[in-house]
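Here is the structure we will look at, set down as structure tokens.
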Amino acid sequence: MANLDGELLKALREAAIDAAEDGVEFYVNSGWRSPEYQQELRLDGVAKYGSEEEAARWVATPETSPHVRGQAIDIGRSDARAWLSENGARYGLCQIYSNEPWHYELRPDGCPPMYPDPSHDPRMQQ
């Protein structure tokens with residue numbers, strides 16, 4: 001969990017301990033990413049989806065990605081995602097995008113309404 005925001009990591013650990021009591025194990029598929037790796041993902045997204053506009057629905061640029069800032073995690077396994085969907089707000093762990101049930105960010109003041117996808121997030125409009 002190198003380079004992950006300390007508060008996000010703390011919340012994730014607390015949630016993981018409680019989830020384990022319910023028999024659910026967390027797998028973090030992705031946390032912090034280097035700008036270079038994020039750019040690779042973006043280029044792969046453009047190739048996969050056919051345009052920058054479509055790729056923006058799934059992959060942020062290095063300049064806008066919360067992963068590059070260590071402020072996002074992607075959770076693997078559907079049982080862990082389901083557990084976080086139901087309980088994550090207690091820890092400030094919020095799903096941000098409707099189309100990405102694996103993507104969580106720390107929002108200690110409460111979970112905001114979800115954006116349909118990252119292209120609707122004002123933070124991604126840089």
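Just so we're on the same page: first chain in the structure tokens is A, next is B, and so on; residues restart at 1 for each chain, and ligands are numbered from 1 in the order they show up.
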
Within 9 Å of range 25-33 of chain A using only C-alpha atoms, minus same-chain residues under 3 positions, as a PyMOL selection string: chain A and resi 1-5+15-17+19-20+22+36-38+62+65-77+79-81+102

Looking only at alpha helix (DSSP H) from DSSP on the backbone, list the matching residues of chain A as number ranges by chain. A: 6-21, 35-49, 52-55, 78-87

Per-residue DSSP, chain A, filtered to strand (DSSP E), as a PyMOL selection string: chain A and resi 27-30+72-76+93-95+103-106

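Separating CA of Leu9 in chain A from CA of Ser34 in chain A is a distance of 17.5 Å.
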
Ser85 in chain A: which residues within 12 Å, counting only C-alpha atoms, same-chain residues fewer than 3 positions away excluded, as a list of chain:residue names? A:Ala15, A:Ala19, A:Ile75, A:Ser78, A:Asp79, A:Ala80, A:Arg81, A:Ala82, A:Gly88, A:Ala89, A:Arg90, A:Tyr91, A:Gly92, A:Leu93, A:Cys94, A:Gln95, A:Ile96, A:Tyr97, A:Ser98, A:Glu100, A:Pro101, A:Trp102, A:His103, A:Tyr104, A:Cys111, A:Met114

Using only C-alpha atoms, please write the residues we just selected to a file, as an mmCIF file, in the first residue's frame.
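The resulting file, part34.cif, is shown below:
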```
data_model
loop_
_atom_site.group_PDB
_atom_site.id
_atom_site.type_symbol
_atom_site.label_atom_id
_atom_site.label_comp_id
_atom_site.auth_asym_id
_atom_site.auth_seq_id
_atom_site.Cartn_x
_atom_site.Cartn_y
_atom_site.Cartn_z
ATOM 1 C CA ALA A 15 -12.959 -1.535 7.327
ATOM 2 C CA ALA A 19 -15.228 -7.057 7.111
ATOM 3 C CA ILE A 75 -11.286 -3.324 -4.615
ATOM 4 C CA SER A 78 -17.555 -8.973 -5.573
ATOM 5 C CA ASP A 79 -18.144 -9.915 -1.923
ATOM 6 C CA ALA A 80 -15.726 -7.229 -0.742
ATOM 7 C CA ARG A 81 -17.265 -4.654 -3.080
ATOM 8 C CA ALA A 82 -20.740 -5.588 -1.834
ATOM 9 C CA GLY A 88 -18.060 1.722 3.536
ATOM 10 C CA ALA A 89 -19.657 5.058 4.420
ATOM 11 C CA ARG A 90 -19.113 4.284 8.135
ATOM 12 C CA TYR A 91 -15.390 4.516 7.405
ATOM 13 C CA GLY A 92 -15.622 7.355 4.902
ATOM 14 C CA LEU A 93 -14.968 4.924 2.034
ATOM 15 C CA CYS A 94 -17.215 5.922 -0.822
ATOM 16 C CA GLN A 95 -17.933 4.574 -4.270
ATOM 17 C CA ILE A 96 -17.595 7.620 -6.509
ATOM 18 C CA TYR A 97 -18.724 6.352 -9.931
ATOM 19 C CA SER A 98 -21.788 4.279 -10.787
ATOM 20 C CA GLU A 100 -16.966 1.544 -11.346
ATOM 21 C CA PRO A 101 -18.192 -0.474 -8.348
ATOM 22 C CA TRP A 102 -14.573 -1.272 -7.483
ATOM 23 C CA HIS A 103 -13.348 2.361 -7.158
ATOM 24 C CA TYR A 104 -13.383 3.889 -3.659
ATOM 25 C CA CYS A 111 -20.465 9.990 0.662
ATOM 26 C CA MET A 114 -22.272 9.103 -7.354
#
```

Would you kindly return, as a PDB file with C-alpha atoms, in the first residue's frame, each protein, DNA or RNA residue with an atom no farther than 10 Å from any atom of Thr61 in chain A, considering only C-alpha atoms and excluding same-chain residues fewer than 4 positions away?
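Below is the file selection_38.pdb, written as the result:
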```
ATOM      1  CA  PRO A  35       1.945   9.025 -13.597  1.00  0.00           C
ATOM      2  CA  GLN A  38      -1.605   5.934 -15.405  1.00  0.00           C
ATOM      3  CA  GLN A  39      -0.661   7.239 -18.847  1.00  0.00           C
ATOM      4  CA  GLU A  40      -0.223   3.659 -20.068  1.00  0.00           C
ATOM      5  CA  LEU A  41      -3.691   2.825 -18.746  1.00  0.00           C
ATOM      6  CA  ARG A  42      -5.122   5.896 -20.467  1.00  0.00           C
ATOM      7  CA  LEU A  43      -3.529   4.994 -23.811  1.00  0.00           C
ATOM      8  CA  ALA A  55     -11.771   6.367 -22.562  1.00  0.00           C
ATOM      9  CA  ALA A  56     -12.539   9.266 -20.191  1.00  0.00           C
ATOM     10  CA  SER A  65      -6.344  10.573 -11.462  1.00  0.00           C
ATOM     11  CA  PRO A  66      -6.852  10.254  -7.702  1.00  0.00           C
ATOM     12  CA  VAL A  68      -1.711   9.124  -8.908  1.00  0.00           C
ATOM     13  CA  MET A 124     -11.570  15.225 -14.287  1.00  0.00           C
ATOM     14  CA  GLN A 125     -12.197  18.330 -16.431  1.00  0.00           C
ATOM     15  CA  GLN A 126      -8.642  19.722 -16.250  1.00  0.00           C
TER      16      GLN A 126
END
```
